[in-house]
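The file input-v8.cif contains mmCIF, C-alpha atoms:
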```
data_data
#
loop_
_atom_site.group_PDB
_atom_site.id
_atom_site.type_symbol
_atom_site.label_atom_id
_atom_site.label_comp_id
_atom_site.auth_asym_id
_atom_site.auth_seq_id
_atom_site.Cartn_x
_atom_site.Cartn_y
_atom_site.Cartn_z
ATOM 1 C CA MET C 1 0.000 0.000 0.000
ATOM 2 C CA ALA C 2 1.288 3.455 -0.811
ATOM 3 C CA ALA C 3 -0.015 7.022 -0.827
ATOM 4 C CA VAL C 4 0.988 9.584 -3.428
ATOM 5 C CA VAL C 5 0.031 13.254 -3.169
ATOM 6 C CA THR C 6 0.057 15.614 -6.126
ATOM 7 C CA ASP C 7 -0.201 19.348 -5.571
ATOM 8 C CA ASP C 8 0.705 22.493 -7.532
ATOM 9 C CA GLU C 9 4.414 21.971 -6.895
ATOM 10 C CA SER C 10 5.120 18.256 -7.274
ATOM 11 C CA THR C 11 4.053 14.651 -6.856
ATOM 12 C CA ARG C 12 5.570 12.745 -3.954
ATOM 13 C CA PHE C 13 5.202 9.649 -1.788
ATOM 14 C CA VAL C 14 3.573 10.371 1.558
ATOM 15 C CA PHE C 15 3.520 6.727 2.631
ATOM 16 C CA ASN C 16 5.411 3.754 1.198
ATOM 17 C CA GLY C 17 4.343 0.434 2.716
ATOM 18 C CA PHE C 18 6.790 -1.633 0.697
ATOM 19 C CA GLY C 19 10.257 -2.625 1.806
ATOM 20 C CA ASN C 20 13.361 -2.778 -0.374
ATOM 21 C CA GLU C 21 12.294 -6.159 -1.798
ATOM 22 C CA HIS C 22 8.860 -4.858 -2.918
ATOM 23 C CA LYS C 23 7.199 -7.001 -0.257
ATOM 24 C CA PRO C 24 4.784 -5.453 2.250
ATOM 25 C CA THR C 25 6.431 -4.505 5.540
ATOM 26 C CA ALA C 26 3.242 -4.948 7.602
ATOM 27 C CA SER C 27 -0.245 -6.439 7.394
ATOM 28 C CA ALA C 28 -2.864 -4.721 5.245
ATOM 29 C CA GLY C 29 -4.800 -3.464 8.270
ATOM 30 C CA MET C 30 -1.696 -1.993 9.860
ATOM 31 C CA GLN C 31 -0.648 -0.383 6.579
ATOM 32 C CA ALA C 32 -4.087 1.160 6.094
ATOM 33 C CA GLY C 33 -3.880 2.885 9.474
ATOM 34 C CA GLN C 34 -0.292 3.982 8.914
ATOM 35 C CA CYS C 35 -1.194 5.312 5.468
ATOM 36 C CA ALA C 36 -4.179 7.262 6.805
ATOM 37 C CA ALA C 37 -2.036 8.732 9.598
ATOM 38 C CA ALA C 38 0.699 9.747 7.124
ATOM 39 C CA VAL C 39 -1.781 11.436 4.775
ATOM 40 C CA ALA C 40 -3.484 13.236 7.680
ATOM 41 C CA GLU C 41 -0.088 14.419 8.947
ATOM 42 C CA HIS C 42 0.852 15.632 5.450
ATOM 43 C CA PHE C 43 -2.278 17.770 5.254
ATOM 44 C CA GLY C 44 -1.931 18.984 8.856
ATOM 45 C CA LEU C 45 -5.039 17.212 10.112
ATOM 46 C CA THR C 46 -5.265 16.045 13.705
ATOM 47 C CA GLU C 47 -6.909 12.902 14.968
ATOM 48 C CA PRO C 48 -10.120 13.423 16.919
ATOM 49 C CA GLU C 49 -10.270 12.325 20.542
ATOM 50 C CA PRO C 50 -11.274 8.646 20.569
ATOM 51 C CA GLU C 51 -14.875 7.886 21.423
ATOM 52 C CA TYR C 52 -15.465 4.744 23.441
ATOM 53 C CA THR C 53 -18.444 2.490 22.833
ATOM 54 C CA CYS C 54 -19.596 -0.328 25.074
ATOM 55 C CA LEU C 55 -18.918 -3.865 23.847
ATOM 56 C CA ASN C 56 -22.182 -5.100 25.369
ATOM 57 C CA CYS C 57 -24.775 -2.451 24.495
ATOM 58 C CA ALA C 58 -22.966 -0.215 21.914
ATOM 59 C CA ARG C 59 -23.717 2.994 23.849
ATOM 60 C CA VAL C 60 -21.141 5.795 23.978
ATOM 61 C CA ILE C 61 -19.350 5.651 27.337
ATOM 62 C CA GLU C 62 -16.706 7.664 29.184
ATOM 63 C CA TRP C 63 -14.354 6.958 32.090
ATOM 64 C CA ILE C 64 -15.190 8.994 35.191
ATOM 65 C CA GLU C 65 -12.910 8.832 38.209
ATOM 66 C CA ALA C 66 -13.795 9.933 41.718
ATOM 67 C CA ASP C 67 -11.874 9.408 44.974
ATOM 68 C CA GLY C 68 -9.273 7.258 43.230
ATOM 69 C CA GLN C 69 -11.937 4.870 41.933
ATOM 70 C CA GLY C 70 -13.344 4.975 38.434
ATOM 71 C CA ALA C 71 -15.934 3.368 36.209
ATOM 72 C CA TRP C 72 -17.337 3.566 32.696
ATOM 73 C CA TYR C 73 -20.512 5.647 32.554
ATOM 74 C CA ASP C 74 -22.983 6.295 29.755
ATOM 75 C CA SER C 75 -24.781 9.582 29.060
ATOM 76 C CA SER C 76 -27.406 8.840 31.728
ATOM 77 C CA HIS C 77 -24.606 8.313 34.305
ATOM 78 C CA ARG C 78 -25.256 4.591 34.689
ATOM 79 C CA ILE C 79 -22.409 2.114 35.018
ATOM 80 C CA GLU C 80 -24.433 -0.871 33.793
ATOM 81 C CA CYS C 81 -25.888 -1.652 30.398
ATOM 82 C CA ALA C 82 -29.599 -1.326 29.673
ATOM 83 C CA ASP C 83 -30.152 -5.025 30.436
ATOM 84 C CA GLY C 84 -28.951 -4.397 34.012
ATOM 85 C CA GLU C 85 -26.786 -7.522 33.947
ATOM 86 C CA ASN C 86 -23.515 -6.284 32.429
ATOM 87 C CA LEU C 87 -21.261 -3.400 33.363
ATOM 88 C CA HIS C 88 -20.112 -1.137 30.547
ATOM 89 C CA ALA C 89 -16.872 -2.351 28.956
ATOM 90 C CA PRO C 90 -15.080 -0.340 26.254
ATOM 91 C CA GLU C 91 -14.185 -1.636 22.825
ATOM 92 C CA PRO C 92 -10.433 -1.590 22.178
ATOM 93 C CA LEU C 93 -9.085 1.673 20.770
ATOM 94 C CA CYS C 94 -6.597 -0.013 18.489
ATOM 95 C CA GLY C 95 -8.022 -2.352 15.911
ATOM 96 C CA TRP C 96 -4.543 -3.567 15.019
ATOM 97 C CA CYS C 97 -3.529 -5.048 18.373
ATOM 98 C CA GLU C 98 -6.742 -4.649 20.427
ATOM 99 C CA ASP C 99 -4.816 -2.561 22.993
ATOM 100 C CA TYR C 100 -2.293 -5.330 23.803
ATOM 101 C CA GLY C 101 0.576 -3.438 22.176
ATOM 102 C CA LEU C 102 1.771 -6.486 20.208
ATOM 103 C CA ILE C 103 0.808 -7.736 16.767
ATOM 104 C CA GLU C 104 1.131 -11.409 15.936
ATOM 105 C CA ILE C 105 3.109 -12.297 12.817
ATOM 106 C CA PHE C 106 2.011 -15.431 10.976
ATOM 107 C CA ASP C 107 3.819 -17.475 8.344
ATOM 108 C CA ASP C 108 2.353 -16.857 4.877
ATOM 109 C CA SER C 109 2.256 -20.490 3.828
ATOM 110 C CA THR C 110 1.400 -22.343 7.043
ATOM 111 C CA ASP C 111 -0.370 -19.657 9.110
ATOM 112 C CA ALA C 112 1.875 -20.664 12.007
ATOM 113 C CA LEU C 113 2.710 -17.998 14.554
ATOM 114 C CA LYS C 114 6.237 -16.740 13.803
ATOM 115 C CA GLY C 115 6.488 -14.058 16.456
ATOM 116 C CA HIS C 116 5.302 -10.636 17.558
ATOM 117 C CA THR C 117 6.064 -7.050 16.700
ATOM 118 C CA THR C 118 5.217 -3.910 18.629
ATOM 119 C CA CYS C 119 2.196 -2.011 17.404
ATOM 120 C CA ASP C 120 3.086 1.363 15.929
ATOM 121 C CA ASN C 121 -0.441 2.723 15.707
ATOM 122 C CA ALA C 122 -0.543 6.272 17.126
ATOM 123 C CA PRO C 123 -2.738 5.497 20.203
ATOM 124 C CA CYS C 124 -0.503 2.551 21.130
ATOM 125 C CA VAL C 125 2.704 4.564 20.741
ATOM 126 C CA ALA C 126 1.248 7.372 22.872
ATOM 127 C CA ARG C 127 0.126 4.866 25.514
ATOM 128 C CA ARG C 128 3.608 3.249 25.556
ATOM 129 C CA ILE C 129 5.288 6.636 26.005
ATOM 130 C CA MET C 130 2.821 7.655 28.733
ATOM 131 C CA ARG C 131 3.372 4.381 30.634
ATOM 132 C CA SER C 132 7.162 4.576 30.389
ATOM 133 C CA ASP C 133 7.108 8.200 31.589
ATOM 134 C CA GLN C 134 4.860 7.231 34.504
ATOM 135 C CA ALA C 135 7.136 4.318 35.435
ATOM 136 C CA GLU C 136 10.167 6.622 35.333
ATOM 137 C CA ARG C 137 8.429 9.176 37.600
ATOM 138 C CA GLU C 138 7.499 6.410 40.062
ATOM 139 C CA ARG C 139 11.070 5.063 40.027
ATOM 140 C CA GLN C 140 12.504 8.533 40.703
ATOM 141 C CA ALA C 141 9.982 9.118 43.519
ATOM 142 C CA ALA C 142 10.928 5.777 45.111
ATOM 143 C CA GLN C 143 14.636 6.621 44.868
ATOM 144 C CA ALA C 144 14.049 10.044 46.431
ATOM 145 C CA GLN C 145 12.035 8.487 49.241
ATOM 146 C CA ALA C 146 14.714 5.849 49.864
ATOM 147 C CA ALA C 147 17.467 8.497 49.879
ATOM 148 C CA ALA C 148 15.567 10.615 52.418
ATOM 149 C CA HIS C 149 14.922 7.674 54.766
ATOM 150 C CA GLU C 150 16.980 7.307 57.931
ATOM 151 C CA CYS C 151 16.997 3.916 59.637
ATOM 152 C CA THR C 152 15.995 3.982 63.291
ATOM 153 C CA GLY C 153 17.296 0.552 64.229
ATOM 154 C CA PRO C 154 18.173 -2.942 63.046
ATOM 155 C CA LEU C 155 14.490 -3.911 62.459
ATOM 156 C CA CYS C 156 13.578 -0.738 60.541
ATOM 157 C CA CYS C 157 14.312 -1.844 56.990
ATOM 158 C CA PRO C 158 14.338 -5.326 55.460
ATOM 159 C CA PRO C 159 17.735 -6.603 54.318
ATOM 160 C CA PHE C 160 18.491 -6.445 50.620
#
```
Would you kindly transcribe this structure into structure tokens?
Amino acid sequence: MAAVVTDDESTRFVFNGFGNEHKPTASAGMQAGQCAAAVAEHFGLTEPEPEYTCLNCARVIEWIEADGQGAWYDSSHRIECADGENLHAPEPLCGWCEDYGLIEIFDDSTDALKGHTTCDNAPCVARRIMRSDQAERERQAAQAQAAAHECTGPLCCPPF
């Protein structure tokens, strides 16, 4: 899959989904998303904020957090579906990896699982960066807390 843009000045590739050997570098679904993102970036378009829908009842839902606890609510501020039996559960944001962050790679001839690759869809990349930044902040906070601690006796801290 490839995207070519022609304007008043020139014609150029915006997205090239083929490797050096003229073989696709990713699955068709992944390439379609990458191509759309590349074309949108070329034209200066931004992605809209994702809208979550419930897997069970297909209503639009949003995450609301209060007092450190959160739940998925619909527009009538209910946490359960209309049937009253199921709680709202969001559909995955990423259709490529279903929010797992990994895409399975299968052999073309045998359909055997060959391995995994990281998902490079924009929401997944942003989520990976956010999680790594959060882990780094937590690590630095733990180091600062450990550096500020003064032991009060032999039973204060566990041995390492």
Please, what is the axis-aligned box for every listed atom of segment 140-155 of chain C with 8 Å on each side, as centre and edge lengths in Å to one decimal, as lines of an AutoDock Vina configuration file?
```
center_x = 14.1
center_y = 3.4
center_z = 52.5
size_x = 24.2
size_y = 30.5
size_z = 39.5
```
Just say which residues the PyMOL selection byres ((chain C and resi 53) around 12) picks in this file, as a ChimeraX atom specification. /C:50-52,54-63,72-75,81,88-93
What is the distance between atom CA of Phe13 of chain C and atom CA of Ile103 of chain C, in Å to one decimal? 25.8 Å
At what distance in Å, to one decimal, does atom CA of Gly101 of chain C lie from atom CA of Gly70 of chain C?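 It comes out at 23.0 Å.
In this model, the gap between atom CA of Ala37 of chain C and atom CA of Asp133 of chain C comes to 23.8 Å.
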Counting all atoms listed in the file, which residues sit no farther than 12 Å from the position (-3.0, 4.1, 6.9) in the file's frame? I'd like them as a list in words. Met1, Ala2, Ala3, Val14, Phe15, Asn16, Gly17, Ala26, Ser27, Ala28, Gly29, Met30, Gln31, Ala32, Gly33, Gln34, Cys35, Ala36, Ala37, Ala38, Val39, Ala40, Glu41, Trp96, Asp120, Asn121 and Ala122 of chain C
Which of C:Val125, C:His116, C:Thr110, C:Ala71 sits closest to Cys94 of chain C [using all atoms listed in the file]: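 Using all atoms listed in the file, the shortest distance to Cys94 of chain C belongs to C:Val125.
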